[in-house]
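Asker: Please read through the structure below; I'll follow up with questions.
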Amino acid sequence: MPVSEDHRQKTLVGAAIIAGVGVHTGRRVRLAVRPAAPGTGIVFVRTDVSDRDNRIPVSGEAVVDARLNTMIQNAAGVQLSTIEHLMAAFAALGVSNAVVEVDGPELPILDGSALPFVQLLDRSGFRPQSTPVRYVEVLEPVRVQEGDKTAALLPCDRYEMRFEIDFPSPVIGNQVIDFVVDEATFRREIMAARTFGFAHEVEALRQAGLARGGSLENAVVIDGDVILNPGGLRMDREFVRHKALDAIGDLYVLGAPLLGRYEGVKAGHAINNKLVRALLAAPHAWREVERVPQLAMAG
C-alpha cells in the first residue's frame, strides 16, 4: 500500500536563510537551512570551521552540554549550541531531513521562540520524499529524576505531552499544559512562546560572560513580581508553553517523531537529555516503526 504524503519523510523545497545574534555569545551569525536526501536526518555544519570535520549530525549522544541550552558536538570536538528552538520547529513541522549551515558557535536566538524558525521554513516550503517516516515507539515507561525535577516517556499511540512548572514568583506560579503534539497545535499554542528568565539571573550570567546577546527583544524578563517587557506576555501560560517547546526540540535529537507521552515536571534541557539517553540505553523500552499510527489516520 502506498504511503500517504503525511507519513513520508519531508525536506525543504529550497534554501532558507536568516541571520541574528547568539543569546550567549552576542555574536551575529548567519544560518542557512538546505534540503537533504532521505535518511540524512538533521545535520548541522559549522561553515566557519575549516581545519577539521565541521559536520555535526544530531543524535542523543551528540548532546554534550544541556545546562543552559542544548549543545551538540562531533567526534572532532566541533560544537554548536542553542539548537532547541529550530529542532522544535523541525519536529512539529515534520522535517525529517535538512542540512543547517551556521557560521558561528551558536544558533541565533531571534525573538526567543520558534516562531521565526517556522516562518523561515514556511518561506521555503516543504517537499515529501519517497521514504516513509520512522517513528520511535515507546513500549515501556522510562523515567529520570533529579530532586523535584522529573521527566518520563510513557507508551501512547500518538505523541502527547504534559508539562508542569512551579515557580515561587507570583508572575509564574504553578502552570500546566497537556496537549497532543502535532503541527496545528504547535502553530496555534506553542511556537510563539518565548524563553524567559529573572533579572538577577541574567545579570549573573553576564558576569560569567554569558547572555551577551540577551535582551527584552528575545526573552521575557521578570524582576520581582513585574514583567519588564513593555508588551507583557504574548499568551496565557507562556512560560510553561515555552518549556514544552524546549522539550519538543530536546526530544527530536532522537531523529524521529515519537509515539509516546512525555510528562515533565520542572524539567529542563539537562533532564530531557538524560531521558533521551535513558531511553536509548533501554532497547526493550522502544522500537523503530514505519507503521502509520491509527490515531494519526483518524479524522
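In the C-alpha cells, chains take letters A, B, ... by order of appearance, with residues numbered from 1 within each chain and ligands from 1 in the order shown.
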Need to verify the contact set: Ala15 of chain A, 7 Å, only C-alpha atoms, exclusion of same-chain residues closer than 6 positions in sequence. Can you return it as JSON, numbers by chain?

Answerer: {"A": [32, 33, 34, 35, 124]}

Asker: Write down as a PyMOL selection string the residues of segment 92-192 of chain A whose backbone DSSP state falls under strand (DSSP E).

Answerer: chain A and resi 98-102+126-132+135-138+142-146+149-154+159-166+174-180

Asker: Name the residues in contact with segment 54-69 of chain A at a cut-off of 9 Å, using only C-alpha atoms, excluding same-chain residues fewer than 4 positions from it; report them as a VMD selection string.

Answerer: chain A and resid 40 to 50 73 to 76 78 to 84 246 250 to 255 268 to 273 276 to 277 280

Asker: Output C-alpha atoms for every residue in the selection just made, as a CSV table (one decimal), in the first residue's frame.

Answerer:
```
chain,number,residue,atom,x,y,z
A,40,THR,CA,20.1,12.2,6.2
A,41,GLY,CA,18.4,13.3,9.4
A,42,ILE,CA,19.2,16.8,10.7
A,43,VAL,CA,22.9,17.7,10.2
A,44,PHE,CA,24.4,21.0,11.3
A,45,VAL,CA,27.5,22.3,9.6
A,46,ARG,CA,29.8,24.9,11.1
A,47,THR,CA,30.9,26.8,8.0
A,48,ASP,CA,33.4,28.9,10.0
A,49,VAL,CA,35.4,25.8,10.8
A,50,SER,CA,37.7,24.6,8.1
A,73,GLN,CA,29.5,18.2,19.4
A,74,ASN,CA,31.0,15.9,16.8
A,75,ALA,CA,34.0,13.5,17.1
A,76,ALA,CA,36.4,16.2,16.1
A,78,VAL,CA,33.3,20.9,16.9
A,79,GLN,CA,30.4,22.3,19.0
A,80,LEU,CA,27.2,24.2,18.3
A,81,SER,CA,24.8,25.4,20.9
A,82,THR,CA,21.2,26.6,21.3
A,83,ILE,CA,19.7,24.3,18.7
A,84,GLU,CA,16.5,23.5,20.6
A,246,ASP,CA,12.1,23.3,24.5
A,250,ASP,CA,15.2,18.3,23.0
A,251,LEU,CA,13.4,15.1,22.2
A,252,TYR,CA,13.8,15.4,18.5
A,253,VAL,CA,17.5,14.7,18.8
A,254,LEU,CA,16.2,11.1,18.7
A,255,GLY,CA,16.0,11.7,15.0
A,268,GLY,CA,14.8,21.4,31.6
A,269,HIS,CA,17.3,20.7,28.9
A,270,ALA,CA,19.6,18.6,31.1
A,271,ILE,CA,17.0,16.2,32.4
A,272,ASN,CA,15.4,16.0,28.9
A,273,ASN,CA,18.7,14.7,27.5
A,276,VAL,CA,16.7,10.6,25.8
A,277,ARG,CA,19.9,8.7,26.9
A,280,LEU,CA,18.4,4.7,24.2
```

Asker: Run DSSP on the backbone and tell me which residues of segment 107-295 of chain A come out as helix (DSSP H, G or I); list them as an NGL selection string.

Answerer: :A and (115-124 or 183-190 or 199-207 or 238-254 or 269-280 or 283-285 or 294-295)

Asker: Excluding Arg287 of chain A and its own-chain neighbours fewer than 6 positions away, which residues fall within 9 Å of it when counting only C-alpha atoms? Please give them as JSON, numbers by chain.

Answerer: {"A": [135, 136, 137, 138, 139]}

Asker: Could you please take those selected residues and save all heavy atoms as a compact mmCIF listing (two decimals), in the first residue's frame?

Answerer:
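Saved to selection22.txt:
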```txt
# COMPACT_ATOMS: atom_id res chain seq x y z
N TYR A 135 9.07 6.13 13.16
CA TYR A 135 8.68 6.63 14.48
C TYR A 135 9.47 5.92 15.57
O TYR A 135 9.82 4.74 15.42
CB TYR A 135 7.19 6.40 14.72
CG TYR A 135 6.27 7.10 13.76
CD1 TYR A 135 5.95 6.53 12.53
CD2 TYR A 135 5.73 8.34 14.06
CE1 TYR A 135 5.10 7.17 11.63
CE2 TYR A 135 4.88 8.99 13.18
CZ TYR A 135 4.57 8.40 11.97
OH TYR A 135 3.75 9.05 11.08
N VAL A 136 9.72 6.62 16.66
CA VAL A 136 10.24 5.98 17.87
C VAL A 136 9.03 5.68 18.76
O VAL A 136 8.40 6.59 19.30
CB VAL A 136 11.24 6.90 18.60
CG1 VAL A 136 11.59 6.31 19.96
CG2 VAL A 136 12.49 7.09 17.77
N GLU A 137 8.68 4.41 18.84
CA GLU A 137 7.52 3.99 19.62
C GLU A 137 7.97 3.57 21.02
O GLU A 137 8.82 2.68 21.17
CB GLU A 137 6.81 2.82 18.94
CG GLU A 137 5.56 2.37 19.69
CD GLU A 137 4.87 1.20 19.03
OE1 GLU A 137 5.52 0.49 18.22
OE2 GLU A 137 3.68 0.98 19.31
N VAL A 138 7.40 4.21 22.02
CA VAL A 138 7.73 3.88 23.41
C VAL A 138 6.90 2.66 23.83
O VAL A 138 5.67 2.68 23.75
CB VAL A 138 7.44 5.09 24.35
CG1 VAL A 138 7.76 4.72 25.80
CG2 VAL A 138 8.23 6.30 23.90
N LEU A 139 7.59 1.61 24.28
CA LEU A 139 6.92 0.36 24.65
C LEU A 139 6.77 0.20 26.15
O LEU A 139 5.83 -0.46 26.61
CB LEU A 139 7.72 -0.83 24.10
CG LEU A 139 7.95 -0.86 22.59
CD1 LEU A 139 8.85 -2.02 22.22
CD2 LEU A 139 6.62 -0.95 21.85
```

Asker: For atom CA of Val240 of chain A and atom CA of Pro105 of chain A, quote the distance in Å rounded to one decimal.

Answerer: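 A separation of 27.5 Å between them.
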
Asker: Which residues are close to Ala16 of chain A, i.e. within 12 Å by only C-alpha atoms, leaving aside same-chain residues fewer than 5 positions away? Reply as a short mmCIF file (atom, residue, chain, number, x, y, z; two decimals) with N, CA and C atoms, in the first residue's frame.

Answerer:
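Printed below is out.cif as written:
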```cif
data_model
loop_
_atom_site.label_atom_id
_atom_site.label_comp_id
_atom_site.auth_asym_id
_atom_site.auth_seq_id
_atom_site.Cartn_x
_atom_site.Cartn_y
_atom_site.Cartn_z
N THR A 11 11.52 17.14 3.43
CA THR A 11 12.62 18.10 3.47
C THR A 11 12.10 19.44 2.94
N ARG A 30 24.90 33.81 10.75
CA ARG A 30 24.05 33.59 9.59
C ARG A 30 23.74 32.10 9.51
N LEU A 31 22.49 31.80 9.25
CA LEU A 31 22.04 30.41 9.23
C LEU A 31 21.33 30.13 7.91
N ALA A 32 21.66 29.00 7.31
CA ALA A 32 21.01 28.58 6.06
C ALA A 32 20.54 27.14 6.23
N VAL A 33 19.24 26.91 6.05
CA VAL A 33 18.68 25.56 6.09
C VAL A 33 18.51 25.09 4.65
N ARG A 34 19.07 23.91 4.34
CA ARG A 34 19.04 23.42 2.96
C ARG A 34 18.39 22.03 2.90
N PRO A 35 17.80 21.69 1.75
CA PRO A 35 17.20 20.36 1.60
C PRO A 35 18.26 19.27 1.75
N ALA A 98 17.42 17.67 6.77
CA ALA A 98 17.86 19.03 6.45
C ALA A 98 19.32 19.18 6.83
N VAL A 99 20.02 20.01 6.09
CA VAL A 99 21.39 20.41 6.44
C VAL A 99 21.33 21.88 6.83
N VAL A 100 21.81 22.19 8.03
CA VAL A 100 21.76 23.54 8.56
C VAL A 100 23.18 24.09 8.64
N GLU A 101 23.47 25.09 7.82
CA GLU A 101 24.79 25.71 7.84
C GLU A 101 24.76 26.95 8.73
N VAL A 102 25.73 27.07 9.61
CA VAL A 102 25.79 28.23 10.52
C VAL A 102 27.24 28.66 10.67
N PRO A 116 10.04 32.55 14.51
CA PRO A 116 10.80 32.96 13.33
C PRO A 116 11.35 31.77 12.54
N PHE A 117 11.66 30.67 13.22
CA PHE A 117 12.14 29.49 12.50
C PHE A 117 11.01 28.85 11.70
N VAL A 118 9.82 28.81 12.25
CA VAL A 118 8.67 28.29 11.50
C VAL A 118 8.41 29.17 10.27
N GLN A 119 8.46 30.47 10.44
CA GLN A 119 8.26 31.38 9.31
C GLN A 119 9.35 31.18 8.26
N LEU A 120 10.58 30.96 8.71
CA LEU A 120 11.70 30.71 7.79
C LEU A 120 11.44 29.45 6.96
N LEU A 121 11.05 28.38 7.62
CA LEU A 121 10.81 27.12 6.92
C LEU A 121 9.60 27.23 6.00
N ASP A 122 8.57 27.94 6.45
CA ASP A 122 7.38 28.13 5.61
C ASP A 122 7.73 28.85 4.31
N ARG A 123 8.66 29.80 4.40
CA ARG A 123 9.04 30.55 3.17
C ARG A 123 9.66 29.64 2.14
N SER A 124 10.41 28.64 2.59
CA SER A 124 10.99 27.69 1.65
C SER A 124 9.93 26.75 1.09
N GLY A 125 9.06 26.29 1.96
CA GLY A 125 8.10 25.26 1.57
C GLY A 125 8.68 23.87 1.81
N PHE A 126 7.82 22.86 1.72
CA PHE A 126 8.21 21.51 2.09
C PHE A 126 7.97 20.54 0.94
#
```

Asker: So, counting only C-alpha atoms, which residue among A:Gly173, A:Gln145, A:Arg27, A:Phe186 is closest to Gly249 of chain A?

Answerer: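 Checking each of A:Gly173, A:Gln145, A:Arg27, A:Phe186 against Gly249 of chain A, counting only C-alpha atoms, the winner is A:Phe186.
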
Asker: Looking at A:Ala19, A:Leu86, A:Val289, A:Ala282, which one is nearest to Glu140 of chain A, with distances taken over only C-alpha atoms?

Answerer: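 Once distances to Glu140 of chain A are computed over only C-alpha atoms, the minimum belongs to A:Ala282.
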
Asker: So how far away is atom CA of Lys243 of chain A from atom CA of Lys149 of chain A, in Å?

Answerer: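 About the pair atom CA of Lys149 of chain A and atom CA of Lys243 of chain A: they are 13.0 Å apart.
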
Asker: My list of candidates is A:Ala256, A:Val13, A:Ala92, A:Ile248. Which is closest to Glu288 of chain A when distances are computed with only C-alpha atoms?

Answerer: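 That would be A:Ala256, the residue with the smallest distance to Glu288 of chain A.
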
Asker: Excluding Ala37 of chain A and any residue of its chain fewer than 6 positions from it, enumerate the residues within 10 Å of it, using only C-alpha atoms, and give them as a PDB file with C-alpha atoms, in the first residue's frame.

Answerer:
```
ATOM      1  CA  GLN A   9       9.817  11.838   5.148  1.00  0.00           C
ATOM      2  CA  LYS A  10       9.967  15.541   4.353  1.00  0.00           C
ATOM      3  CA  THR A  11      12.620  18.097   3.466  1.00  0.00           C
ATOM      4  CA  SER A  96      12.943  14.689   8.624  1.00  0.00           C
ATOM      5  CA  ASN A  97      15.980  15.729   6.600  1.00  0.00           C
ATOM      6  CA  ALA A  98      17.855  19.028   6.450  1.00  0.00           C
ATOM      7  CA  VAL A  99      21.389  20.412   6.441  1.00  0.00           C
ATOM      8  CA  GLN A 129      10.157  12.288  -0.077  1.00  0.00           C
ATOM      9  CA  SER A 130       9.803   8.666  -1.153  1.00  0.00           C
ATOM     10  CA  THR A 131      10.881   7.127   2.170  1.00  0.00           C
TER      11      THR A 131
END
```

Asker: Residues at most 8 Å from Tyr262 of chain A, counting only C-alpha atoms, excluding those fewer than 3 positions away in the same chain, as a ChimeraX atom specification?

Answerer: /A:151-154,159-162

Asker: Mind giving me the straight-line distance from atom CA of Gly260 of chain A to atom CA of Cys156 of chain A in Å, one decimal?

Answerer: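 So the answer is 4.3 Å.
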